[in-house]
Amino acid sequence: MEFFLVQALNGISYGLLLFMLSSGLTLVFSLMGVLNFAHASFYMLGAYFAFQVSTRIGFWPALVIAPILVGAIGMLVERFGLRKVHRFGHVAELLFTFGLAYLIDEAVHLIWGRSAVDYRVPPDLDGPLFEIFTTQYPIYRGFMMLVSVAMLVSIWLALTRTRIGLVIQAALTHPQTVEALGHNVPRVFMLVFGGGAALAGLAGVIGGNAFVTEPGMAASVGPIIFVVVVVGGMGSLAGAFIASLLIGCLQTFSVALDWPIFGLKLSQVAPVLPYLLMVLLLIFRPKGLMGTREG
Amino acid sequence: MRYQPLNLARWILWGATAAVFIVAPLVFTSSFALTMLTQMGSFIIFALSYNMLLGQGGMLSFGHAVYSGLGAYIAAHALNLMGKGAFAFPVTLLPLIGGLAGMLFGVMFGYVTTRRAGTTFALISLGVGEMVFACVLMFPGFFGGEAGISTNRVVGKAFLGVSYGPAIQVYYLVAAWCLISMAAMFALTQTSLGRMANAVRDNPERAEFVGYDTQKVRFLQLVLASFFAGVSGGLSCINFEIVSAENVSALSSGGVLIATFIGGVPFFFGPILGAIVFIFFVVALSGFTKAWLLYLGLFFVLMVLYAPGGLASLLLLHIPLLRARRLNRLALPYLLAGGAVLLALAGVIGLVEMIYRLSEQGASTVISLPGVSFDAATAPPWLSFGFLLMAGLAALHFAARFFSRRWHDVQTEIRAA
């Protein structure tokens with residue numbers, strides 16, 4: 001019971017982090033039809049910026065500054081890169097973000113070196129939050145959940161209750177009409193792309209010190225969030241939410257369990273499970289959990 | 001049967017390609033050049049097989065290294081078994097084993113991946129690639145873990161003096177396989193399957209209305225492409241005598257995508273150019289600088305932004321000018337633009353290398369080149385390289401304007417003539 005509760009909490013906090021990443025990806029995908037391959041690189045940039053800022057002026061300013069910086073980079077990328085390749089079609093846009101991921105990874109190598117940097121949980125958040133039976137649950141995990149939930153609620157409110165949110169929702173399905181009504185749709189694209197990047201950056205700020213901040217972190221998280229998006233159904237926010245929690249729990253539980261499977265332990269098979277889930281889902285339900293269209 | 005005239009130009013082109021393959025190691029005789037040529041040969045097959053998906057079938061795959069890598073693993077195991085005398089098989093035909101293995105995995109994974117097209121296909125191929133990579137690390141007994149499995153290509157008695165011990169013999173083996181595979185893949189583009197793959201790429205809905213199962217066309221195309229990927233895997237197994245997890249990694253899947261795109265996806269010969277440039281970056285440039293991946297990425301992004309047809313499209317743009325004997329009119333703009341590019345490049349390289357030197361722990365900050373040496377920890381080199389970059393970009397701006405005006409003039413002249 002104790003094991004189950006602790007793992008479930010860990011799984012949910014990891015799943016919420018995944019959803020912060022996949023929600024930005026999903027929004028950008030449904031709005032612009034662009035699958036942003038550099039999304040995980042923005043996550044990594046967020047972690048590195050937060051490390052840099054927190055060594056200078058502390059963690060709390062970093063929590064605000066790093067996502068803003070990453071969002072600004074995202075907007076610049078959209079304005080001066082993506083908008084240019086837009087006329088060459090979706091494949092070119094995808095390839096552009098793919099190349100961008102290479103560039104960001106290499107730039108991180110160049111600036112911060114090839115080994116992990118010492119980005120730590122701030123002292124105010126270091127320590128146990130409460131005890132479940134005998135296990136101490138760290139404050140920082142609780143803080144991660146709090147930030148993710150606060151972020152998600154505010155995004156939901158922004159999307160459903162504000163003017164710009166309504167314009168974004170309208171532009172998802174009827175960009176031409178929205179443009180005809182006098183709204184600047186390219187600027188909406190830029191904002192959403194920057195917003196998605198900032199969300200990824202925020203996930204990097206709170207995920208970078210919970211896990212490890214190293215140049216390989218983009219490459220290890222990237223495929224997982226793509227799996228989340230496919231499993232949830234391309235372009236479905238609700239699907240992405242369910243899939244994030246599902247895969248977050250799947251990964252945390254499988255790493256901690258050592259049930260034997262074909263001569264291997266479950267914890268050894270753990271890295272393959274999300275992909276296996278994706279393949280099985282595609283065979284039996286090709287449109288994903290909450291997807292609306294096939295093909 | 002309908003009468004087909006002898007296509008002379010085609011025969012000359014293929015003959016010339018064969019001649020280049022034969023003569024290349026006689027011209028570039030150093031052992032470094034020979035390793036590079038051999039790698040180019042096997043990578044050309046890999047890139048062409050990738051273009052069977054992206055260029056001809058419209059399938060953007062992020063997991064093509066799975067087929068070449070697993071083909072290479074099987075080939076390495078076969079080679080090791082041959083070395084133990086478990087069965088006799090000529091090493092010359094070993095790539096065939098790699099190819100068949102690649103094809104088998106193509107049938108297995110292709111069944112899942114080709115169910116969807118477009119972006120979803122891209123994501124699923126990425127997922128399958130990650131899955132295979134994780135599996136390879138999970139079963140060290142068969143795959144040898146991170147270190148991989150090593151093998152020995154010299155097996156059995158030499159046949160007519162060919163033992164594949166010396167590198168030059170391996171080169172000619174790769175060259176022969178490369179030429180055969182090139183011809184086979186070109187022939188495939190002319191078959192009905194090749195044509196249908198194009199149709200499915202351009203308009204899947206219409207292809208379905210004509211009565212073709214688009215999923216089946218994509219599946220067959222992927223299976224054939226994975227055969228050739230496996231052949232190239234088998235060749236790289238013979239060449240390097242080691243196969244490791246890197247062969248199936250996302251990095252090599254991304255590499256073949258970058259190479260193919262740089263070369264030119266819309267043209268059959270594009271990937272050949274791309275493979276040559278890519279191997280040059282990987283083998284030659286990586287010896288000089290650790291930032292080679294950054295330069296490669298930068299080159300790739302610039303190609304995506306400004307030349308989505310790749311190097312091949314840039315070359316083909318010049319053919320009408322060559323025919324009209326107007327190429328000399330472009331000499332001056334090319335000279336100016338080239339100078340500007342060199343200037344900007346010098347600035348970029350200087351800045352990147354200085355950043356790199358500063359981030360490296362324990363390394364001296366003094367960079368010495370033949371003739372000059374400067375300290376990256378001081379301001380003057382930063383200012384001067386920054387100035388070089390700015391001046392280069394400004395010059396490029398004007399040179400590009402001049403170039404496009406001249407280009408436009410020449411085009412009008414040709415049309416008028």
# chains A, B, ... in the order shown; residues from 1 in each chain; ligands from 1
>>> closest_atom_pairs(of="chain B", to="chain A", cutoff="7 Å", atoms="only C-alpha atoms", output="tab-separated table")
residue	atom	partner	partner_atom	distance
B:Val112	CA	A:Ile283	CA	6.7
B:Arg116	CA	A:Gly295	CA	5.3
B:Ala117	CA	A:Gly295	CA	6.2
B:Leu123	CA	A:Phe226	CA	6.5
B:Gly127	CA	A:Tyr275	CA	5.7
B:Val128	CA	A:Tyr275	CA	6.8
B:Met131	CA	A:Val272	CA	5.4
B:Ala134	CA	A:Val272	CA	6.0
B:Cys135	CA	A:Val272	CA	6.9
B:Met138	CA	A:Gln268	CA	6.9
B:Leu293	CA	A:Glu106	CA	6.8
B:Leu294	CA	A:Glu106	CA	5.5
B:Gly297	CA	A:Leu103	CA	5.6
B:Leu298	CA	A:Leu103	CA	6.8
B:Phe300	CA	A:Gly99	CA	6.4
B:Val301	CA	A:Gly99	CA	5.5
B:Val304	CA	A:Phe96	CA	6.1
B:Leu305	CA	A:Val85	CA	5.8
B:Ile355	CA	A:Leu110	CA	6.5
B:Tyr356	CA	A:Leu110	CA	5.1
B:Ser359	CA	A:Ile111	CA	5.7
B:Glu360	CA	A:Gly113	CA	6.5
>>> residues_around(residues="stretch 330-339 of chain B", least_positions_apart="3", cutoff="9 Å", atoms="only C-alpha atoms", output="PyMOL selection string")
chain B and resi 326-327+342-344+392+395-400+402-404+406-407+410
>>> write_last_selection(atoms="N, CA, C and O atoms", output="PDB file, in the first residue's frame")
ATOM      1  N   ARG B 326      25.774  30.654 -71.129  1.00  0.00           N
ATOM      2  CA  ARG B 326      25.705  31.936 -70.425  1.00  0.00           C
ATOM      3  C   ARG B 326      26.292  31.837 -69.019  1.00  0.00           C
ATOM      4  O   ARG B 326      26.147  32.752 -68.231  1.00  0.00           O
ATOM      5  N   LEU B 327      26.917  30.697 -68.714  1.00  0.00           N
ATOM      6  CA  LEU B 327      27.386  30.472 -67.352  1.00  0.00           C
ATOM      7  C   LEU B 327      28.433  31.503 -66.940  1.00  0.00           C
ATOM      8  O   LEU B 327      28.502  31.904 -65.783  1.00  0.00           O
ATOM      9  N   LEU B 342      32.615  33.438 -47.504  1.00  0.00           N
ATOM     10  CA  LEU B 342      33.854  33.081 -46.808  1.00  0.00           C
ATOM     11  C   LEU B 342      34.075  33.986 -45.599  1.00  0.00           C
ATOM     12  O   LEU B 342      34.465  33.528 -44.521  1.00  0.00           O
ATOM     13  N   LEU B 343      33.811  35.279 -45.802  1.00  0.00           N
ATOM     14  CA  LEU B 343      33.997  36.252 -44.721  1.00  0.00           C
ATOM     15  C   LEU B 343      33.086  35.913 -43.531  1.00  0.00           C
ATOM     16  O   LEU B 343      33.544  35.820 -42.376  1.00  0.00           O
ATOM     17  N   ALA B 344      31.790  35.697 -43.840  1.00  0.00           N
ATOM     18  CA  ALA B 344      30.839  35.389 -42.769  1.00  0.00           C
ATOM     19  C   ALA B 344      31.209  34.076 -42.093  1.00  0.00           C
ATOM     20  O   ALA B 344      31.147  33.944 -40.867  1.00  0.00           O
ATOM     21  N   GLY B 392      30.577  40.196 -43.282  1.00  0.00           N
ATOM     22  CA  GLY B 392      30.267  39.131 -44.237  1.00  0.00           C
ATOM     23  C   GLY B 392      28.785  39.108 -44.544  1.00  0.00           C
ATOM     24  O   GLY B 392      28.376  39.009 -45.701  1.00  0.00           O
ATOM     25  N   ALA B 395      27.859  42.121 -46.653  1.00  0.00           N
ATOM     26  CA  ALA B 395      28.338  41.926 -48.024  1.00  0.00           C
ATOM     27  C   ALA B 395      27.465  40.908 -48.738  1.00  0.00           C
ATOM     28  O   ALA B 395      27.120  41.072 -49.917  1.00  0.00           O
ATOM     29  N   LEU B 396      27.059  39.861 -47.995  1.00  0.00           N
ATOM     30  CA  LEU B 396      26.246  38.807 -48.599  1.00  0.00           C
ATOM     31  C   LEU B 396      24.889  39.362 -49.028  1.00  0.00           C
ATOM     32  O   LEU B 396      24.361  39.001 -50.078  1.00  0.00           O
ATOM     33  N   HIS B 397      24.364  40.268 -48.213  1.00  0.00           N
ATOM     34  CA  HIS B 397      23.089  40.878 -48.541  1.00  0.00           C
ATOM     35  C   HIS B 397      23.143  41.565 -49.900  1.00  0.00           C
ATOM     36  O   HIS B 397      22.295  41.355 -50.764  1.00  0.00           O
ATOM     37  N   PHE B 398      24.222  42.373 -50.089  1.00  0.00           N
ATOM     38  CA  PHE B 398      24.341  43.086 -51.367  1.00  0.00           C
ATOM     39  C   PHE B 398      24.688  42.141 -52.503  1.00  0.00           C
ATOM     40  O   PHE B 398      24.153  42.257 -53.609  1.00  0.00           O
ATOM     41  N   ALA B 399      25.577  41.187 -52.226  1.00  0.00           N
ATOM     42  CA  ALA B 399      25.972  40.235 -53.265  1.00  0.00           C
ATOM     43  C   ALA B 399      24.765  39.430 -53.732  1.00  0.00           C
ATOM     44  O   ALA B 399      24.606  39.167 -54.923  1.00  0.00           O
ATOM     45  N   ALA B 400      23.894  39.067 -52.781  1.00  0.00           N
ATOM     46  CA  ALA B 400      22.724  38.271 -53.138  1.00  0.00           C
ATOM     47  C   ALA B 400      21.789  39.069 -54.035  1.00  0.00           C
ATOM     48  O   ALA B 400      21.237  38.546 -55.001  1.00  0.00           O
ATOM     49  N   PHE B 402      22.700  41.553 -56.060  1.00  0.00           N
ATOM     50  CA  PHE B 402      23.380  41.631 -57.349  1.00  0.00           C
ATOM     51  C   PHE B 402      23.195  40.319 -58.096  1.00  0.00           C
ATOM     52  O   PHE B 402      22.864  40.294 -59.285  1.00  0.00           O
ATOM     53  N   PHE B 403      23.386  39.216 -57.360  1.00  0.00           N
ATOM     54  CA  PHE B 403      23.288  37.897 -57.963  1.00  0.00           C
ATOM     55  C   PHE B 403      21.899  37.658 -58.533  1.00  0.00           C
ATOM     56  O   PHE B 403      21.744  37.230 -59.682  1.00  0.00           O
ATOM     57  N   SER B 404      20.864  37.994 -57.762  1.00  0.00           N
ATOM     58  CA  SER B 404      19.518  37.665 -58.241  1.00  0.00           C
ATOM     59  C   SER B 404      19.155  38.546 -59.430  1.00  0.00           C
ATOM     60  O   SER B 404      18.455  38.099 -60.336  1.00  0.00           O
ATOM     61  N   ARG B 406      21.319  39.660 -61.697  1.00  0.00           N
ATOM     62  CA  ARG B 406      22.031  39.104 -62.845  1.00  0.00           C
ATOM     63  C   ARG B 406      21.377  37.807 -63.310  1.00  0.00           C
ATOM     64  O   ARG B 406      21.206  37.567 -64.505  1.00  0.00           O
ATOM     65  N   TRP B 407      20.975  36.985 -62.320  1.00  0.00           N
ATOM     66  CA  TRP B 407      20.324  35.704 -62.632  1.00  0.00           C
ATOM     67  C   TRP B 407      19.048  35.943 -63.431  1.00  0.00           C
ATOM     68  O   TRP B 407      18.795  35.300 -64.441  1.00  0.00           O
ATOM     69  N   VAL B 410      19.878  37.039 -67.024  1.00  0.00           N
ATOM     70  CA  VAL B 410      20.323  35.925 -67.864  1.00  0.00           C
ATOM     71  C   VAL B 410      19.141  35.058 -68.268  1.00  0.00           C
ATOM     72  O   VAL B 410      19.014  34.647 -69.429  1.00  0.00           O
TER      73      VAL B 410
END
>>> residues_around(residues="stretch 21-26 of chain B", least_positions_apart="4", cutoff="7 Å", atoms="only C-alpha atoms", output="list of chain:residue names")
B:Thr17, B:Leu34, B:Ala175
>>> atom_distance(atom1="atom CA of A:Gly127", atom2="atom CA of A:Leu63")
19.3 Å
>>> closest_residue(among="B:Val366, B:Phe278, B:Leu383, B:Ala167", to="B:Ser30", atoms="only C-alpha atoms")
B:Ala167
>>> residues_around(residues="A:Thr26", least_positions_apart="3", cutoff="7 Å", atoms="only C-alpha atoms", output="PyMOL selection string")
chain A and resi 22-23+29-30+229+235-237
>>> closest_residue(among="A:Met151, A:Met145, A:Leu45, A:Val53", to="A:Pro215", atoms="only C-alpha atoms")
A:Leu45
>>> atom_distance(atom1="atom CA of A:Ala62", atom2="atom CA of B:Gly386")
29.4 Å
>>> residues_around(residues="stretch 171-176 of chain A", least_positions_apart="6", cutoff="8 Å", atoms="only C-alpha atoms", output="number ranges by chain")
A: 30-32, 185
>>> write_last_selection(atoms="C-alpha atoms", output="PDB file, in the first residue's frame")
ATOM      1  CA  SER A  30      -3.449  21.594 -33.905  1.00  0.00           C
ATOM      2  CA  LEU A  31      -3.060  25.290 -34.639  1.00  0.00           C
ATOM      3  CA  MET A  32      -0.252  25.269 -37.170  1.00  0.00           C
ATOM      4  CA  VAL A 185      -3.536  35.162 -37.377  1.00  0.00           C
TER       5      VAL A 185
END
>>> atom_distance(atom1="atom CA of B:Phe385", atom2="atom CA of B:Phe288")
19.2 Å
>>> select_by_dssp(residues="stretch 44-255 of chain A", states="strand (DSSP E)", output="MDAnalysis selection string")
chainID A and resid 128:132 135:138
>>> write_last_selection(atoms="all heavy atoms", output="PDB file, in the first residue's frame")
ATOM      1  N   PRO A 128      11.270  17.019   3.657  1.00  0.00           N
ATOM      2  CA  PRO A 128      10.046  16.218   3.538  1.00  0.00           C
ATOM      3  C   PRO A 128       8.794  17.075   3.673  1.00  0.00           C
ATOM      4  O   PRO A 128       8.774  18.030   4.448  1.00  0.00           O
ATOM      5  CB  PRO A 128      10.169  15.234   4.698  1.00  0.00           C
ATOM      6  CG  PRO A 128      11.043  15.917   5.688  1.00  0.00           C
ATOM      7  CD  PRO A 128      11.919  16.889   4.958  1.00  0.00           C
ATOM      8  N   LEU A 129       7.794  16.726   2.891  1.00  0.00           N
ATOM      9  CA  LEU A 129       6.519  17.440   2.959  1.00  0.00           C
ATOM     10  C   LEU A 129       5.621  16.772   3.988  1.00  0.00           C
ATOM     11  O   LEU A 129       5.086  17.399   4.867  1.00  0.00           O
ATOM     12  CB  LEU A 129       5.859  17.430   1.578  1.00  0.00           C
ATOM     13  CG  LEU A 129       4.550  18.186   1.432  1.00  0.00           C
ATOM     14  CD1 LEU A 129       4.742  19.656   1.688  1.00  0.00           C
ATOM     15  CD2 LEU A 129       3.978  17.984   0.029  1.00  0.00           C
ATOM     16  N   PHE A 130       5.450  15.462   3.840  1.00  0.00           N
ATOM     17  CA  PHE A 130       4.686  14.675   4.822  1.00  0.00           C
ATOM     18  C   PHE A 130       5.195  13.247   4.760  1.00  0.00           C
ATOM     19  O   PHE A 130       5.990  12.893   3.894  1.00  0.00           O
ATOM     20  CB  PHE A 130       3.187  14.754   4.549  1.00  0.00           C
ATOM     21  CG  PHE A 130       2.799  14.399   3.141  1.00  0.00           C
ATOM     22  CD1 PHE A 130       2.713  13.079   2.734  1.00  0.00           C
ATOM     23  CD2 PHE A 130       2.526  15.401   2.202  1.00  0.00           C
ATOM     24  CE1 PHE A 130       2.362  12.765   1.430  1.00  0.00           C
ATOM     25  CE2 PHE A 130       2.184  15.087   0.896  1.00  0.00           C
ATOM     26  CZ  PHE A 130       2.102  13.770   0.515  1.00  0.00           C
ATOM     27  N   GLU A 131       4.710  12.443   5.675  1.00  0.00           N
ATOM     28  CA  GLU A 131       5.124  11.046   5.691  1.00  0.00           C
ATOM     29  C   GLU A 131       3.959  10.156   5.328  1.00  0.00           C
ATOM     30  O   GLU A 131       2.851  10.337   5.805  1.00  0.00           O
ATOM     31  CB  GLU A 131       5.652  10.664   7.073  1.00  0.00           C
ATOM     32  CG  GLU A 131       7.069  11.093   7.282  1.00  0.00           C
ATOM     33  CD  GLU A 131       7.670  10.493   8.546  1.00  0.00           C
ATOM     34  OE1 GLU A 131       7.063   9.554   9.102  1.00  0.00           O
ATOM     35  OE2 GLU A 131       8.721  10.973   8.964  1.00  0.00           O
ATOM     36  N   ILE A 132       4.223   9.202   4.423  1.00  0.00           N
ATOM     37  CA  ILE A 132       3.218   8.194   4.134  1.00  0.00           C
ATOM     38  C   ILE A 132       3.745   6.924   4.788  1.00  0.00           C
ATOM     39  O   ILE A 132       4.772   6.395   4.354  1.00  0.00           O
ATOM     40  CB  ILE A 132       3.072   7.953   2.630  1.00  0.00           C
ATOM     41  CG1 ILE A 132       2.881   9.277   1.902  1.00  0.00           C
ATOM     42  CG2 ILE A 132       1.942   7.010   2.360  1.00  0.00           C
ATOM     43  CD1 ILE A 132       2.886   9.135   0.414  1.00  0.00           C
ATOM     44  N   THR A 135       7.631   6.352   4.497  1.00  0.00           N
ATOM     45  CA  THR A 135       8.387   7.062   3.475  1.00  0.00           C
ATOM     46  C   THR A 135       8.139   8.564   3.579  1.00  0.00           C
ATOM     47  O   THR A 135       6.994   8.990   3.725  1.00  0.00           O
ATOM     48  CB  THR A 135       7.962   6.605   2.065  1.00  0.00           C
ATOM     49  OG1 THR A 135       7.853   5.202   2.076  1.00  0.00           O
ATOM     50  CG2 THR A 135       8.946   7.055   1.031  1.00  0.00           C
ATOM     51  N   GLN A 136       9.211   9.337   3.502  1.00  0.00           N
ATOM     52  CA  GLN A 136       9.045  10.783   3.506  1.00  0.00           C
ATOM     53  C   GLN A 136       8.835  11.249   2.074  1.00  0.00           C
ATOM     54  O   GLN A 136       9.589  10.868   1.183  1.00  0.00           O
ATOM     55  CB  GLN A 136      10.292  11.452   4.078  1.00  0.00           C
ATOM     56  CG  GLN A 136      10.447  11.158   5.553  1.00  0.00           C
ATOM     57  CD  GLN A 136      11.589  11.895   6.145  1.00  0.00           C
ATOM     58  OE1 GLN A 136      12.553  12.202   5.454  1.00  0.00           O
ATOM     59  NE2 GLN A 136      11.514  12.195   7.427  1.00  0.00           N
ATOM     60  N   TYR A 137       7.809  12.067   1.903  1.00  0.00           N
ATOM     61  CA  TYR A 137       7.543  12.560   0.560  1.00  0.00           C
ATOM     62  C   TYR A 137       8.139  13.958   0.439  1.00  0.00           C
ATOM     63  O   TYR A 137       7.833  14.842   1.234  1.00  0.00           O
ATOM     64  CB  TYR A 137       6.039  12.583   0.290  1.00  0.00           C
ATOM     65  CG  TYR A 137       5.738  12.695  -1.163  1.00  0.00           C
ATOM     66  CD1 TYR A 137       5.917  11.605  -2.004  1.00  0.00           C
ATOM     67  CD2 TYR A 137       5.315  13.894  -1.716  1.00  0.00           C
ATOM     68  CE1 TYR A 137       5.669  11.706  -3.344  1.00  0.00           C
ATOM     69  CE2 TYR A 137       5.060  14.004  -3.065  1.00  0.00           C
ATOM     70  CZ  TYR A 137       5.247  12.908  -3.866  1.00  0.00           C
ATOM     71  OH  TYR A 137       5.008  13.016  -5.204  1.00  0.00           O
ATOM     72  N   PRO A 138       9.037  14.174  -0.551  1.00  0.00           N
ATOM     73  CA  PRO A 138       9.744  15.457  -0.609  1.00  0.00           C
ATOM     74  C   PRO A 138       8.830  16.631  -0.956  1.00  0.00           C
ATOM     75  O   PRO A 138       7.876  16.483  -1.729  1.00  0.00           O
ATOM     76  CB  PRO A 138      10.787  15.245  -1.701  1.00  0.00           C
ATOM     77  CG  PRO A 138      10.341  14.069  -2.463  1.00  0.00           C
ATOM     78  CD  PRO A 138       9.497  13.236  -1.566  1.00  0.00           C
TER      79      PRO A 138
END
>>> select_by_dssp(residues="stretch 352-387 of chain B", states="helix (DSSP H, G or I)", output="compact mmCIF listing (two decimals) with N, CA and C atoms, in the first residue's frame")
# COMPACT_ATOMS: atom_id res chain seq x y z
N VAL B 352 32.45 30.37 -32.86
CA VAL B 352 32.08 29.06 -32.32
C VAL B 352 33.28 28.39 -31.65
N GLU B 353 34.41 28.44 -32.32
CA GLU B 353 35.59 27.76 -31.76
C GLU B 353 36.02 28.41 -30.45
N MET B 354 35.86 29.75 -30.37
CA MET B 354 36.25 30.43 -29.13
C MET B 354 35.30 30.05 -27.99
N ILE B 355 33.98 30.02 -28.30
CA ILE B 355 33.01 29.60 -27.26
C ILE B 355 33.38 28.21 -26.77
N TYR B 356 33.66 27.34 -27.73
CA TYR B 356 33.95 25.96 -27.38
C TYR B 356 35.19 25.88 -26.50
N ARG B 357 36.21 26.64 -26.87
CA ARG B 357 37.45 26.61 -26.12
C ARG B 357 37.24 27.10 -24.69
N LEU B 358 36.38 28.10 -24.54
CA LEU B 358 36.14 28.63 -23.20
C LEU B 358 35.34 27.65 -22.34
N SER B 359 34.42 26.88 -22.98
CA SER B 359 33.58 25.98 -22.19
C SER B 359 34.34 24.71 -21.80
N ALA B 379 39.05 40.35 -25.17
CA ALA B 379 37.99 40.91 -26.01
C ALA B 379 38.36 41.04 -27.49
N PRO B 380 39.59 41.43 -27.86
CA PRO B 380 39.86 41.74 -29.27
C PRO B 380 39.47 40.65 -30.26
N PRO B 381 39.79 39.36 -30.02
CA PRO B 381 39.38 38.38 -31.03
C PRO B 381 37.86 38.30 -31.18
N TRP B 382 37.12 38.46 -30.06
CA TRP B 382 35.65 38.43 -30.15
C TRP B 382 35.15 39.56 -31.02
N LEU B 383 35.71 40.76 -30.78
CA LEU B 383 35.28 41.91 -31.57
C LEU B 383 35.61 41.69 -33.03
N SER B 384 36.83 41.21 -33.31
CA SER B 384 37.21 41.13 -34.72
C SER B 384 36.42 40.04 -35.44
N PHE B 385 36.19 38.89 -34.77
CA PHE B 385 35.41 37.86 -35.44
C PHE B 385 33.95 38.30 -35.59
N GLY B 386 33.45 39.00 -34.57
CA GLY B 386 32.10 39.54 -34.67
C GLY B 386 31.99 40.52 -35.83
N PHE B 387 33.03 41.34 -35.97
CA PHE B 387 33.05 42.28 -37.08
C PHE B 387 33.08 41.54 -38.42
>>> residues_around(residues="B:Asn152", least_positions_apart="3", cutoff="12 Å", atoms="only C-alpha atoms", output="PyMOL selection string")
chain B and resi 75-84+91+149+155-156+163-165+237-243
>>> closest_residue(among="A:Ile65, A:Met144, A:Ile168, A:Val153", to="A:Gln52", atoms="only C-alpha atoms")
A:Ile65
>>> closest_residue(among="A:Gly196, A:Pro260, A:Pro67, A:Gly182", to="A:Ala47", atoms="only C-alpha atoms")
A:Pro67
